[in-house]
$ cat data.txt   # compact mmCIF, C-alpha atoms
# COMPACT_ATOMS: atom_id res chain seq x y z
CA MET A 1 -8.57 0.61 12.27
CA ASP A 2 -7.37 -2.93 11.64
CA MET A 3 -7.84 -4.83 8.41
CA SER A 4 -6.40 -8.03 7.00
CA GLY A 5 -6.80 -10.08 3.89
CA SER A 6 -5.11 -11.99 1.13
CA GLU A 7 -4.82 -11.82 -2.63
CA THR A 8 -3.73 -14.45 -5.12
CA ILE A 9 -1.45 -12.83 -7.67
CA ASP A 10 -0.78 -14.39 -11.07
CA ALA A 11 3.01 -14.11 -10.81
CA PRO A 12 5.80 -15.99 -9.03
CA ALA A 13 6.84 -14.78 -5.56
CA ASP A 14 10.19 -13.33 -6.71
CA VAL A 15 8.40 -11.10 -9.25
CA VAL A 16 5.78 -10.05 -6.67
CA TRP A 17 8.58 -9.21 -4.22
CA ARG A 18 10.37 -7.11 -6.82
CA CYS A 19 7.11 -5.26 -7.57
CA LEU A 20 6.47 -4.64 -3.84
CA ASN A 21 9.82 -2.85 -3.73
CA ASP A 22 9.48 -0.90 -6.99
CA PRO A 23 8.39 2.71 -6.34
CA ASP A 24 7.15 3.15 -9.93
CA ILE A 25 4.81 0.16 -9.67
CA LEU A 26 3.64 1.14 -6.18
CA ARG A 27 2.97 4.74 -7.33
CA GLN A 28 0.78 3.42 -10.16
CA CYS A 29 -1.17 1.20 -7.74
CA ILE A 30 -1.71 3.47 -4.73
CA PRO A 31 -5.00 5.36 -5.22
CA GLY A 32 -4.39 9.11 -5.42
CA CYS A 33 -0.60 8.79 -5.38
CA GLU A 34 1.01 11.79 -7.05
CA SER A 35 4.61 10.89 -6.23
CA LEU A 36 6.58 8.12 -4.57
CA GLU A 37 10.34 8.42 -4.54
CA LYS A 38 12.92 6.12 -3.03
CA THR A 39 15.37 7.99 -0.82
CA SER A 40 17.30 4.91 0.37
CA ALA A 41 17.02 1.13 0.17
CA THR A 42 14.29 1.18 2.85
CA ASP A 43 12.87 4.72 2.78
CA MET A 44 10.55 6.61 0.43
CA THR A 45 8.72 9.92 0.38
CA ALA A 46 5.17 10.16 -0.92
CA THR A 47 2.43 12.60 -1.85
CA VAL A 48 -1.11 11.21 -1.96
CA VAL A 49 -4.41 13.01 -2.55
CA LEU A 50 -7.45 11.30 -1.03
CA LYS A 51 -11.14 12.09 -0.73
CA ILE A 52 -12.82 10.70 2.37
CA GLY A 53 -16.48 11.60 2.39
CA PRO A 54 -16.71 15.38 1.96
CA VAL A 55 -13.03 15.96 2.83
CA LYS A 56 -10.29 16.02 0.22
CA ALA A 57 -6.70 16.21 1.45
CA ARG A 58 -3.15 16.08 0.16
CA PHE A 59 -0.92 14.03 2.43
CA GLU A 60 2.83 14.35 2.34
CA GLY A 61 4.87 11.92 4.28
CA ALA A 62 7.44 9.20 4.62
CA VAL A 63 7.28 5.46 4.02
CA GLN A 64 9.67 2.96 5.57
CA LEU A 65 10.31 -0.73 4.92
CA SER A 66 11.44 -2.86 7.87
CA ASN A 67 11.58 -6.48 9.03
CA LEU A 68 12.86 -7.37 5.56
CA ASN A 69 12.91 -11.09 4.79
CA PRO A 70 13.31 -11.22 0.98
CA PRO A 71 11.41 -12.57 -0.89
CA HIS A 72 8.98 -13.67 1.81
CA SER A 73 7.87 -10.74 3.99
CA TYR A 74 8.30 -7.18 5.19
CA THR A 75 6.62 -4.44 7.15
CA ILE A 76 5.72 -1.21 5.39
CA SER A 77 4.84 1.77 7.55
CA GLY A 78 4.25 5.42 7.01
CA GLU A 79 2.90 8.68 8.26
CA GLY A 80 1.41 11.52 6.27
CA LYS A 81 0.37 15.01 7.25
CA GLY A 82 -2.59 16.63 5.55
CA GLY A 83 -2.26 20.12 6.97
CA MET A 84 -5.45 21.40 8.63
CA VAL A 85 -7.29 18.23 7.62
CA GLY A 86 -5.23 16.05 9.94
CA PHE A 87 -2.88 13.12 9.69
CA ALA A 88 -2.83 9.45 8.80
CA LYS A 89 -0.33 6.87 9.99
CA GLY A 90 -0.13 3.15 9.90
CA GLY A 91 1.60 0.09 8.64
CA ALA A 92 1.11 -3.31 7.10
CA ASP A 93 2.78 -6.66 7.58
CA VAL A 94 3.00 -8.31 4.16
CA SER A 95 3.95 -11.93 3.49
CA LEU A 96 4.23 -13.95 0.31
CA ALA A 97 3.73 -17.68 -0.21
CA SER A 98 4.48 -19.47 -3.48
CA LEU A 99 1.62 -21.64 -4.69
CA PRO A 100 2.14 -24.85 -6.71
CA ASN A 101 0.59 -23.36 -9.86
CA GLY A 102 3.21 -20.59 -10.11
CA THR A 103 1.04 -17.91 -8.50
CA THR A 104 1.65 -16.16 -5.19
CA LEU A 105 -0.55 -15.74 -2.15
CA LEU A 106 -0.03 -12.29 -0.63
CA ASN A 107 -1.27 -11.92 2.95
CA TYR A 108 -1.53 -8.54 4.65
CA SER A 109 -2.45 -7.19 8.05
CA VAL A 110 -2.95 -3.42 8.28
CA LYS A 111 -3.16 -1.10 11.26
CA ALA A 112 -3.98 2.55 10.63
CA ASP A 113 -4.89 5.63 12.60
CA VAL A 114 -6.16 9.05 11.58
CA GLY A 115 -6.44 12.25 13.54
CA GLY A 116 -7.65 15.79 13.17
CA LYS A 117 -10.61 16.81 11.03
CA ILE A 118 -10.61 13.46 9.22
CA ALA A 119 -11.16 11.57 12.47
CA GLN A 120 -14.37 13.55 13.01
CA LEU A 121 -15.91 11.90 9.92
CA GLY A 122 -16.61 8.74 11.88
CA GLY A 123 -15.19 5.26 12.01
CA ARG A 124 -17.60 3.62 9.57
CA LEU A 125 -16.85 6.09 6.77
CA ILE A 126 -13.11 5.84 7.37
CA ASP A 127 -13.20 2.02 7.53
CA SER A 128 -15.27 1.69 4.34
CA THR A 129 -13.00 4.13 2.51
CA ALA A 130 -9.88 2.27 3.69
CA LYS A 131 -11.36 -1.05 2.54
CA LYS A 132 -12.20 0.43 -0.88
CA LEU A 133 -8.70 1.88 -1.24
CA ALA A 134 -7.11 -1.45 -0.28
CA GLU A 135 -9.25 -3.28 -2.86
CA GLN A 136 -8.25 -0.74 -5.54
CA PHE A 137 -4.57 -1.08 -4.63
CA PHE A 138 -4.50 -4.89 -4.71
CA SER A 139 -6.54 -5.12 -7.90
CA SER A 140 -4.13 -2.75 -9.65
CA PHE A 141 -1.08 -4.35 -8.03
CA GLY A 142 -2.13 -7.83 -9.17
CA ILE A 143 -2.43 -6.60 -12.76
CA ARG A 144 0.98 -4.84 -12.66
CA ALA A 145 2.73 -7.84 -11.08
CA ALA A 146 1.23 -10.22 -13.68
CA GLU A 147 2.42 -7.86 -16.44
CA ALA A 148 5.90 -7.80 -14.89
CA ALA A 149 5.92 -11.61 -14.83
CA THR A 150 5.21 -11.80 -18.56
CA THR A 151 8.01 -9.35 -19.40
CA ALA A 152 10.56 -10.87 -17.02
$ encode --input "data.txt" --output "structure tokens"
Amino acid sequence: MDMSGSETIDAPADVVWRCLNDPDILRQCIPGCESLEKTSATDMTATVVLKIGPVKARFEGAVQLSNLNPPHSYTISGEGKGGMVGFAKGGADVSLASLPNGTTLLNYSVKADVGGKIAQLGGRLIDSTAKKLAEQFFSSFGIRAAEAATTA
């Protein structure tokens, strides 16, 4: 599955960058995220519970940041195992552009793959769920980043 898009965030790029690297903010924004802990400057562990159609699964896995170009871009990738339900893995290239009005344009390009029982649900269900989860994440992230900008 491939997906790309952009979001205008009501915060300057340096604040958005800081939020993109803050595990507490990311945990609050990722749908179903139970835990997200930084284990090094570029590595995190995560536990996420998701419902895709009739299947509910708890994924435990690792997240890694690479291709760091602060405060302009990075690649975030991860892989989670959901036991008998299957696995999910993927990554996103994220870039930030400062806009003249003090806001930031966040562009993203996502590639993801699922396997096991989840993959049997069908591409359309998985794609629509992924799109919904991405919309929830960016809506929540935009709010959190704007709040961070007002308290900075």
$ closest_atom_pairs --input "data.txt" --of "segment 5-75 of chain A" --to "segment 94-98 of chain A" --cutoff "6 Å" --atoms "only C-alpha atoms" --output "tab-separated table"
residue	atom	partner	partner_atom	distance
A:Ala13	CA	A:Ser98	CA	5.6
A:His72	CA	A:Leu96	CA	5.0
A:Ser73	CA	A:Ser95	CA	4.1
A:Tyr74	CA	A:Val94	CA	5.5
$ residues_around --input "data.txt" --residues "Asn101 of chain A" --least-positions-apart "3" --cutoff "12 Å" --atoms "only C-alpha atoms" --output "MDAnalysis selection string"
chainID A and resid 8:13 97:98 104:105
$ atom_distance --input "data.txt" --atom1 "atom CA of Lys89 of chain A" --atom2 "atom CA of Leu121 of chain A"
16.4 Å
$ atom_distance --input "data.txt" --atom1 "atom CA of Arg27 of chain A" --atom2 "atom CA of Val85 of chain A"
22.6 Å
$ residues_around --input "data.txt" --residues "Ile52 of chain A" --least-positions-apart "6" --cutoff "8 Å" --atoms "all atoms listed in the file" --output "list in words"
Ile118, Leu125, Ile126 and Thr129 of chain A
